file data-v4.txt (compact mmCIF, C-alpha atoms and all ligand atoms)
# COMPACT_ATOMS: atom_id res chain seq x y z
CA MET A 22 148.57 67.56 -16.42
CA ILE A 23 151.26 65.30 -14.99
CA ASP A 24 149.73 65.41 -11.51
CA ALA A 25 146.30 64.55 -12.94
CA ALA A 26 147.76 61.58 -14.85
CA VAL A 27 149.56 60.38 -11.70
CA GLY A 28 146.33 60.76 -9.71
CA ARG A 29 144.42 58.61 -12.20
CA ALA A 30 147.19 56.00 -12.18
CA LEU A 31 147.19 55.84 -8.37
CA ALA A 32 143.42 55.32 -8.38
CA ARG A 33 143.63 52.17 -10.56
CA PRO A 34 143.38 48.79 -8.86
CA SER A 35 146.57 46.85 -8.22
CA GLY A 36 144.98 43.97 -6.31
CA ASN A 37 147.80 44.59 -3.77
CA TRP A 38 150.48 43.09 -6.06
CA TYR A 39 154.06 44.38 -5.87
CA VAL A 40 157.00 43.54 -8.13
CA LEU A 41 159.61 41.84 -5.97
CA ALA A 42 162.41 40.60 -8.18
CA THR A 43 163.25 39.47 -11.67
CA SER A 44 162.44 35.88 -12.61
CA ALA A 45 166.01 35.34 -13.83
CA GLU A 46 167.68 36.32 -10.56
CA LEU A 47 165.63 33.85 -8.52
CA GLY A 48 167.45 30.53 -8.79
CA SER A 49 166.42 27.22 -7.26
CA ARG A 50 169.16 26.89 -4.62
CA ARG A 51 169.39 30.25 -2.92
CA PRO A 52 166.49 32.34 -1.70
CA LEU A 53 166.40 36.11 -2.13
CA GLY A 54 165.66 38.66 0.57
CA ARG A 55 163.53 41.70 -0.19
CA THR A 56 161.70 44.40 1.75
CA VAL A 57 158.39 45.79 0.49
CA GLY A 58 156.63 48.56 2.39
CA GLY A 59 158.79 47.78 5.44
CA ILE A 60 157.85 44.07 5.35
CA GLU A 61 160.86 41.75 5.27
CA LEU A 62 160.35 38.92 2.78
CA VAL A 63 162.09 35.81 1.58
CA VAL A 64 161.52 34.49 -1.96
CA TRP A 65 162.45 31.03 -3.22
CA ARG A 66 161.60 28.40 -5.82
CA ASP A 67 160.29 24.94 -5.01
CA GLU A 68 161.26 21.73 -6.80
CA ARG A 69 158.85 22.51 -9.64
CA GLU A 70 160.51 25.94 -10.05
CA ILE A 71 157.42 27.69 -8.72
CA ALA A 72 158.22 30.95 -6.92
CA HIS A 73 157.02 31.51 -3.34
CA ALA A 74 157.41 34.39 -0.91
CA GLY A 75 157.00 34.45 2.86
CA PRO A 76 157.96 36.51 5.90
CA GLY A 77 161.73 37.00 6.02
CA ALA A 78 162.14 36.03 9.71
CA CYS A 79 162.15 32.38 10.78
CA PRO A 80 159.14 31.69 13.06
CA HIS A 81 161.43 29.88 15.54
CA LEU A 82 163.93 32.53 16.71
CA GLY A 83 163.90 34.99 13.85
CA ALA A 84 166.83 33.97 11.63
CA PRO A 85 167.03 35.92 8.37
CA LEU A 86 165.72 33.30 5.98
CA CYS A 87 167.26 35.01 2.94
CA ARG A 88 170.58 33.57 4.17
CA SER A 89 169.22 30.04 4.46
CA ARG A 90 169.38 27.40 1.75
CA VAL A 91 166.73 25.78 -0.38
CA VAL A 92 166.81 22.00 0.08
CA GLN A 93 164.49 19.89 -2.06
CA GLY A 94 162.27 22.89 -2.64
CA HIS A 95 162.00 23.77 1.09
CA LEU A 96 163.64 26.60 2.95
CA MET A 97 166.01 25.09 5.51
CA CYS A 98 166.68 27.59 8.29
CA HIS A 99 170.43 27.86 8.85
CA TRP A 100 170.12 28.54 12.60
CA HIS A 101 168.41 25.33 13.79
CA GLY A 102 167.23 23.56 10.65
CA MET A 103 163.50 24.32 10.63
CA ARG A 104 161.95 23.35 7.29
CA LEU A 105 159.54 25.84 5.78
CA ASP A 106 157.53 25.47 2.61
CA ALA A 107 154.63 27.05 0.75
CA MET A 108 152.14 25.43 3.17
CA GLY A 109 153.46 27.65 5.94
CA ARG A 110 153.18 26.84 9.64
CA PRO A 111 151.76 28.51 12.74
CA GLY A 112 153.14 32.02 12.95
CA TRP A 113 154.58 31.93 9.44
CA HIS A 114 152.25 32.35 6.48
CA PRO A 115 153.52 32.66 2.89
CA PHE A 116 152.04 35.32 0.64
CA PRO A 117 150.45 34.76 -2.79
CA THR A 118 153.26 34.95 -5.35
CA TYR A 119 153.16 35.22 -9.14
CA ASP A 120 155.96 34.67 -11.64
CA ASP A 121 155.06 36.21 -15.01
CA GLY A 122 158.22 34.87 -16.67
CA VAL A 123 160.07 38.19 -16.47
CA LEU A 124 159.17 39.43 -12.98
CA VAL A 125 158.14 37.90 -9.67
CA TRP A 126 155.27 39.59 -7.83
CA VAL A 127 153.99 39.24 -4.27
CA ARG A 128 150.53 40.11 -2.98
CA LEU A 129 150.54 41.97 0.32
CA ASP A 130 146.93 42.61 1.25
CA GLU A 131 147.58 44.40 4.54
CA LEU A 132 150.00 46.79 2.91
CA GLY A 133 147.91 47.48 -0.19
CA GLY A 134 144.53 47.62 1.56
CA GLU A 135 142.64 47.17 -1.74
CA PRO A 136 140.33 44.30 -2.66
CA PRO A 137 142.76 41.52 -3.65
CA LEU A 138 143.01 40.29 -7.26
CA PRO A 139 144.01 36.72 -8.11
CA GLU A 140 146.83 37.92 -10.41
CA PRO A 141 148.72 41.17 -10.95
CA VAL A 142 147.43 43.60 -13.58
CA LEU A 143 149.70 42.95 -16.55
CA ALA A 144 149.74 44.77 -19.86
CA PRO A 145 150.22 42.78 -23.09
CA ARG A 146 153.86 42.04 -23.92
CA PRO A 147 155.61 41.16 -27.18
CA PRO A 148 156.08 37.41 -27.77
CA SER A 149 158.76 36.32 -25.29
CA LEU A 150 160.52 33.91 -27.67
CA THR A 151 161.22 36.60 -30.24
CA SER A 152 161.95 39.57 -28.00
CA LEU A 153 165.08 40.68 -26.25
CA VAL A 154 164.39 41.10 -22.55
CA SER A 155 166.57 43.08 -20.19
CA VAL A 156 165.78 44.16 -16.62
CA LEU A 157 167.35 46.94 -14.62
CA THR A 158 166.86 47.53 -10.88
CA MET A 159 167.74 50.77 -9.10
CA ILE A 160 166.87 52.23 -5.71
CA GLY A 161 165.74 55.83 -5.23
CA ARG A 162 165.09 58.06 -2.23
CA CYS A 163 161.51 58.82 -3.17
CA GLU A 164 158.04 57.33 -3.30
CA PRO A 165 156.56 55.27 -6.16
CA ALA A 166 154.41 58.26 -7.24
CA ASP A 167 157.61 60.25 -7.96
CA ILE A 168 158.76 57.54 -10.36
CA VAL A 169 155.35 57.50 -12.03
CA ALA A 170 155.39 61.32 -12.29
CA ASN A 171 158.78 61.25 -13.98
CA ARG A 172 157.53 58.73 -16.56
CA PHE A 173 154.42 60.84 -17.18
CA ASP A 174 156.55 63.87 -18.07
CA PRO A 175 157.43 63.13 -21.70
CA TRP A 176 158.67 66.70 -22.24
CA HIS A 177 161.86 66.25 -20.24
CA GLY A 178 163.20 63.61 -22.65
CA SER A 179 164.91 65.87 -25.16
CA TRP A 180 166.27 68.21 -22.45
CA LEU A 181 167.42 66.00 -19.62
CA HIS A 182 168.37 63.08 -21.89
CA SER A 183 169.52 65.02 -24.95
CA TYR A 184 172.31 62.43 -25.38
CA PHE A 185 169.66 59.78 -26.12
CA PHE A 186 166.55 61.45 -27.54
CA ALA A 187 166.16 63.94 -30.37
CA ASN A 188 163.30 65.64 -32.21
CA LEU A 189 160.89 64.92 -29.39
CA GLN A 190 157.36 66.06 -29.91
CA VAL A 191 154.39 65.34 -27.67
CA LEU A 192 151.62 64.41 -30.10
CA SER A 193 148.77 64.07 -27.64
CA THR A 194 148.10 64.28 -23.92
CA PRO A 195 145.23 62.81 -21.93
CA SER A 196 142.36 65.11 -21.10
CA VAL A 197 142.60 66.49 -17.57
CA THR A 198 139.02 67.56 -17.08
CA ALA A 199 136.71 65.30 -19.06
CA ASP A 200 136.59 61.59 -19.72
CA THR A 201 136.76 61.64 -23.50
CA GLY A 202 136.60 57.87 -23.81
CA GLU A 203 140.07 57.91 -25.37
CA THR A 204 142.88 55.76 -24.05
CA ASP A 205 144.48 57.46 -21.06
CA ARG A 206 147.94 57.97 -22.56
CA PHE A 207 150.63 60.37 -23.69
CA LEU A 208 151.70 59.92 -27.29
CA VAL A 209 155.23 61.02 -28.14
CA GLU A 210 157.21 61.16 -31.37
CA VAL A 211 160.92 60.85 -30.79
CA SER A 212 164.21 59.70 -32.33
CA PHE A 213 166.43 57.41 -30.31
CA ARG A 214 169.99 58.49 -30.99
CA VAL A 215 172.12 55.63 -32.24
CA ALA A 216 175.37 57.34 -33.26
CA GLY A 217 175.94 61.08 -33.64
CA PRO A 218 173.20 62.53 -35.84
CA LEU A 219 171.79 59.06 -36.66
CA GLY A 220 168.52 58.33 -34.96
CA VAL A 221 165.78 55.71 -35.04
CA PRO A 222 162.38 57.44 -35.17
CA ALA A 223 159.48 56.03 -33.24
CA VAL A 224 156.12 56.92 -31.78
CA ALA A 225 155.78 55.84 -28.17
CA GLU A 226 152.76 55.71 -25.92
CA PHE A 227 152.94 56.10 -22.12
CA SER A 228 150.15 54.68 -19.98
CA SER A 229 149.68 52.97 -16.62
CA PRO A 230 147.93 49.61 -16.26
CA GLU A 231 148.10 49.84 -12.46
CA PRO A 232 149.25 52.37 -9.84
CA ARG A 233 152.93 51.39 -9.68
CA THR A 234 153.58 50.60 -13.34
CA VAL A 235 154.16 52.90 -16.28
CA LEU A 236 154.19 51.27 -19.66
CA MET A 237 155.97 52.64 -22.68
CA ARG A 238 154.94 50.94 -25.88
CA ILE A 239 156.37 51.68 -29.30
CA VAL A 240 153.37 52.04 -31.60
CA GLU A 241 155.10 53.23 -34.80
CA GLY A 242 158.58 52.69 -36.21
CA ALA A 243 160.95 49.75 -36.70
CA ALA A 244 160.60 48.57 -33.11
CA THR A 245 156.78 48.62 -33.05
CA GLY A 246 155.52 46.31 -30.33
CA SER A 247 158.53 46.85 -28.06
CA VAL A 248 157.64 47.60 -24.49
CA VAL A 249 159.36 49.11 -21.46
CA GLU A 250 157.61 48.34 -18.18
CA THR A 251 158.72 50.57 -15.32
CA HIS A 252 157.64 49.25 -11.92
CA ALA A 253 158.02 51.21 -8.69
CA THR A 254 157.96 49.14 -5.51
CA PRO A 255 157.99 50.91 -2.12
CA ILE A 256 160.75 49.45 0.04
CA GLY A 257 160.16 51.43 3.24
CA THR A 258 161.99 54.14 5.11
CA GLY A 259 165.79 54.48 5.14
CA ARG A 260 167.88 55.24 8.26
CA ASP A 261 167.67 58.94 7.45
CA GLY A 262 163.87 58.80 7.62
CA THR A 263 163.31 59.25 3.88
CA ALA A 264 161.39 56.86 1.64
CA ARG A 265 163.08 54.25 -0.53
CA THR A 266 161.61 52.92 -3.75
CA ALA A 267 162.92 50.20 -6.06
CA VAL A 268 162.65 50.90 -9.77
CA ILE A 269 162.46 47.61 -11.63
CA GLU A 270 162.39 48.24 -15.34
CA ALA A 271 161.88 45.48 -17.88
CA SER A 272 162.68 46.36 -21.50
CA MET A 273 161.26 43.98 -24.08
CA ALA A 274 162.70 44.89 -27.46
CA TYR A 275 160.88 43.42 -30.40
CA SER A 276 160.85 43.92 -34.12
CA GLU A 277 159.39 42.22 -37.15
CA GLN A 278 162.32 43.53 -39.22
CA PRO A 279 164.51 40.75 -40.67
CA GLY A 280 167.74 41.85 -38.93
CA PHE A 281 166.24 41.44 -35.52
CA SER A 282 166.97 37.72 -35.23
CA VAL A 283 170.64 38.68 -35.53
CA ALA A 284 170.15 41.12 -32.67
CA ARG A 285 168.60 38.33 -30.63
CA ALA A 286 171.54 36.06 -31.35
CA ALA A 287 173.78 38.86 -30.08
CA ALA A 288 171.67 39.18 -26.95
CA PRO A 289 174.45 38.29 -24.49
CA VAL A 290 176.47 41.22 -25.86
CA LEU A 291 173.57 43.60 -26.44
CA ARG A 292 171.89 43.10 -23.10
CA PRO A 293 174.57 44.83 -20.98
CA LEU A 294 174.66 47.69 -23.52
CA ILE A 295 170.90 48.15 -23.29
CA ARG A 296 171.18 47.96 -19.52
CA ALA A 297 173.96 50.57 -19.53
CA ALA A 298 171.81 52.94 -21.62
CA ALA A 299 168.84 52.42 -19.29
CA ALA A 300 171.08 52.91 -16.25
CA ARG A 301 172.27 56.27 -17.60
CA LEU A 302 168.71 57.39 -18.29
CA TRP A 303 167.65 56.28 -14.85
CA ARG A 304 170.47 58.11 -13.06
CA ASP A 305 168.97 61.32 -14.47
CA ASP A 306 165.42 60.18 -13.86
CA LEU A 307 166.13 59.24 -10.24
CA ASP A 308 167.62 62.71 -9.71
CA TYR A 309 164.34 64.09 -11.03
CA ALA A 310 162.15 61.81 -8.87
CA GLU A 311 164.26 62.34 -5.74
CA ARG A 312 164.24 66.09 -6.21
CA ARG A 313 160.45 66.03 -6.54
CA TYR A 314 160.20 64.02 -3.30
CA ARG A 315 162.57 66.37 -1.42
CA LEU A 316 160.70 69.47 -2.49
CA ARG A 317 157.42 67.92 -1.40
CA GLY A 318 158.85 67.23 2.06
CA ARG A 319 160.05 70.78 2.60
S1 LIG B 1 165.70 30.43 14.03
FE1 LIG B 1 165.14 29.23 12.38
S2 LIG B 1 165.15 27.26 13.18
FE2 LIG B 1 165.68 28.47 14.84
FE FE B 2 163.54 60.33 -18.27

call {"tool": "encode", "arguments": {"input": "data-v4.txt", "output": "structure tokens", "more": "lines below"}}
Ligand code: FES
Ligand SMILES: [Fe+2]
result
Amino acid sequence: MIDAAVGRALARPSGNWYVLATSAELGSRRPLGRTVGGIELVVWRDEREIAHAGPGACPHLGAPLCRSRVVQGHLMCHWHGMRLDAMGRPGWHPFPTYDDGVLVWVRLDELGGEPPLPEPVLAPRPPSLTSLVSVLTMIGRCEPADIVANRFDPWHGSWLHSYFFANLQVLSTPSVTADTGETDRFLVEVSFRVAGPLGVPAVAEFSSPEPRTVLMRIVEGAATGSVVETHATPIGTGRDGTARTAVIEASMAYSEQPGFSVARAAAPVLRPLIRAAAARLWRDDLDYAERRYRLRGR
């Protein structure tokens, strides 16, 4: 059932978009360096704060542009001062880039090999002004499909993460054999442990809007409308010859309950706590995904 769900997710169009970074970590003075599918990239913001991405090597003699500076919205190569901007120049062509306010995406048509789409495939999010957003990035020795497979196994929650989830029950699973016309999703009832026996009950739905994203949406309970977007971006191959994948997970907590504005005011304190909880979950989940990848390679 999990394999079938992963197969359907992988068959969805992505338009060749890959999550690169979080919007918050990309400032206007320093570029960021990233590798996606073995392609070295540099990401920066211009004077209007618009994000751009281009090849990571300077077209002159190959300087790593992620170590250069951004001057008046241009990349200024730190080896011999070549100015590079979103217009590109011979031998150096920027890639389409999209900043959705939480994440920065790049479109790599040669890597993806699908018909390109003008924008990434995004699922609806809770209103950004009234939600608490937190992003976690981790690197695993596995492929994006292993991350997706882990997210499409709702059963492991109460076993592998018993410190966090209780009373987990899978309410419905997508049909493996026939297209029933129903939404392609897993529906799970679960309590999120708060302290000891205290738990917050919720019904969560797991689905995939595109091949490298799994979306968890709370559809019942106090946090209805909250979303966790898990994105898996292939980095390339490590020195040991195994695959590397970045897990970039954006949690958007939202509630219409009155106390939630207090929680938002406490965001600077709450955010690291949420991140710590997600980091613990993901240490276990990366073990799972990496193990799956290793067994496949044997
Ligand atoms: S390597 Fe960048 S200007 Fe020479
Ligand atoms: Fe998990």

call {"tool": "residues_around", "arguments": {"input": "data-v4.txt", "residues": "region 38-52 of chain A", "least_positions_apart": "6", "cutoff": "7 Å", "atoms": "all atoms listed in the file", "output": "PDB file with C-alpha atoms, in the frame of the given file"}}
result
ATOM      1  CA  VAL A  63     162.090  35.810   1.580  1.00  0.00           C
ATOM      2  CA  VAL A  64     161.520  34.490  -1.960  1.00  0.00           C
ATOM      3  CA  TRP A  65     162.450  31.030  -3.220  1.00  0.00           C
ATOM      4  CA  ARG A  66     161.600  28.400  -5.820  1.00  0.00           C
ATOM      5  CA  ASP A  67     160.290  24.940  -5.010  1.00  0.00           C
ATOM      6  CA  GLU A  70     160.510  25.940 -10.050  1.00  0.00           C
ATOM      7  CA  CYS A  87     167.260  35.010   2.940  1.00  0.00           C
ATOM      8  CA  ARG A  90     169.380  27.400   1.750  1.00  0.00           C
ATOM      9  CA  VAL A  91     166.730  25.780  -0.380  1.00  0.00           C
ATOM     10  CA  ASP A 120     155.960  34.670 -11.640  1.00  0.00           C
ATOM     11  CA  GLY A 122     158.220  34.870 -16.670  1.00  0.00           C
ATOM     12  CA  VAL A 123     160.070  38.190 -16.470  1.00  0.00           C
ATOM     13  CA  LEU A 124     159.170  39.430 -12.980  1.00  0.00           C
ATOM     14  CA  VAL A 125     158.140  37.900  -9.670  1.00  0.00           C
ATOM     15  CA  TRP A 126     155.270  39.590  -7.830  1.00  0.00           C
ATOM     16  CA  VAL A 127     153.990  39.240  -4.270  1.00  0.00           C
ATOM     17  CA  ARG A 128     150.530  40.110  -2.980  1.00  0.00           C
ATOM     18  CA  LEU A 129     150.540  41.970   0.320  1.00  0.00           C
ATOM     19  CA  PRO A 141     148.720  41.170 -10.950  1.00  0.00           C
ATOM     20  CA  HIS A 252     157.640  49.250 -11.920  1.00  0.00           C
ATOM     21  CA  THR A 254     157.960  49.140  -5.510  1.00  0.00           C
TER      22      THR A 254
END

call {"tool": "atom_distance", "arguments": {"input": "data-v4.txt", "atom1": "CA of Thr194 (chain A)", "atom2": "CA of Gly28 (chain A)"}}
result
14.7 Å

call {"tool": "residues_near_ligand", "arguments": {"input": "data-v4.txt", "ligand": "ligand LIG 1 (chain B)", "cutoff": "12 Å", "atoms": "only C-alpha atoms and all ligand atoms", "output": "ChimeraX atom specification"}}
result
/A:77-90,96-105,113

call {"tool": "axis_aligned_box", "arguments": {"input": "data-v4.txt", "around": "region 165-176 of chain A", "padding_each_side": "5 Å", "output": "lines of an AutoDock Vina configuration file"}}
result
center_x = 156.6
center_y = 61.0
center_z = -14.2
size_x = 14.4
size_y = 21.4
size_z = 26.1

call {"tool": "closest_residue", "arguments": {"input": "data-v4.txt", "among": "A:Gly280, A:Pro148, A:Gly112, A:Gly178", "to": "ligand FE 2 (chain B)", "atoms": "all atoms listed in the file"}}
result
A:Gly178

call {"tool": "atom_distance", "arguments": {"input": "data-v4.txt", "atom1": "CA of Asp24 (chain A)", "atom2": "CA of Glu226 (chain A)"}}
result
17.6 Å

call {"tool": "decode", "arguments": {"input": "data-v4.txt", "residues": "region 160-200 of chain A", "atoms": "C-alpha atoms", "output": "PDB file, in the first residue's frame"}}
result
ATOM      1  CA  ILE A 160      20.198  15.752   5.371  1.00  0.00           C
ATOM      2  CA  GLY A 161      19.739  12.006   4.920  1.00  0.00           C
ATOM      3  CA  ARG A 162      21.663   9.255   3.131  1.00  0.00           C
ATOM      4  CA  CYS A 163      18.751   8.184   0.976  1.00  0.00           C
ATOM      5  CA  GLU A 164      16.669   9.206  -2.011  1.00  0.00           C
ATOM      6  CA  PRO A 165      13.593  11.471  -1.971  1.00  0.00           C
ATOM      7  CA  ALA A 166      11.308   8.432  -2.461  1.00  0.00           C
ATOM      8  CA  ASP A 167      12.515   7.023   0.891  1.00  0.00           C
ATOM      9  CA  ILE A 168      11.400  10.210   2.634  1.00  0.00           C
ATOM     10  CA  VAL A 169       8.034  10.049   0.871  1.00  0.00           C
ATOM     11  CA  ALA A 170       7.666   6.358   1.817  1.00  0.00           C
ATOM     12  CA  ASN A 171       8.306   7.152   5.466  1.00  0.00           C
ATOM     13  CA  ARG A 172       5.619   9.849   5.442  1.00  0.00           C
ATOM     14  CA  PHE A 173       3.185   7.477   3.745  1.00  0.00           C
ATOM     15  CA  ASP A 174       3.567   4.928   6.553  1.00  0.00           C
ATOM     16  CA  PRO A 175       1.203   6.341   9.185  1.00  0.00           C
ATOM     17  CA  TRP A 176       1.328   3.100  11.199  1.00  0.00           C
ATOM     18  CA  HIS A 177       4.849   3.653  12.496  1.00  0.00           C
ATOM     19  CA  GLY A 178       3.827   6.790  14.410  1.00  0.00           C
ATOM     20  CA  SER A 179       2.702   5.205  17.656  1.00  0.00           C
ATOM     21  CA  TRP A 180       5.573   2.666  17.662  1.00  0.00           C
ATOM     22  CA  LEU A 181       8.640   4.542  16.512  1.00  0.00           C
ATOM     23  CA  HIS A 182       7.518   7.884  17.980  1.00  0.00           C
ATOM     24  CA  SER A 183       5.635   6.623  21.037  1.00  0.00           C
ATOM     25  CA  TYR A 184       7.064   9.597  22.983  1.00  0.00           C
ATOM     26  CA  PHE A 185       5.034  11.945  20.765  1.00  0.00           C
ATOM     27  CA  PHE A 186       1.967  10.124  19.440  1.00  0.00           C
ATOM     28  CA  ALA A 187      -0.660   8.079  21.250  1.00  0.00           C
ATOM     29  CA  ASN A 188      -3.915   6.328  20.358  1.00  0.00           C
ATOM     30  CA  LEU A 189      -3.027   6.265  16.687  1.00  0.00           C
ATOM     31  CA  GLN A 190      -5.590   4.764  14.409  1.00  0.00           C
ATOM     32  CA  VAL A 191      -5.502   4.716  10.620  1.00  0.00           C
ATOM     33  CA  LEU A 192      -9.054   5.644   9.615  1.00  0.00           C
ATOM     34  CA  SER A 193      -8.743   5.203   5.874  1.00  0.00           C
ATOM     35  CA  THR A 194      -6.153   4.328   3.259  1.00  0.00           C
ATOM     36  CA  PRO A 195      -6.168   5.069  -0.456  1.00  0.00           C
ATOM     37  CA  SER A 196      -7.311   2.309  -2.753  1.00  0.00           C
ATOM     38  CA  VAL A 197      -4.394   0.426  -4.306  1.00  0.00           C
ATOM     39  CA  THR A 198      -6.170  -1.168  -7.222  1.00  0.00           C
ATOM     40  CA  ALA A 199      -9.015   1.047  -8.379  1.00  0.00           C
ATOM     41  CA  ASP A 200      -9.439   4.766  -8.839  1.00  0.00           C
TER      42      ASP A 200
END
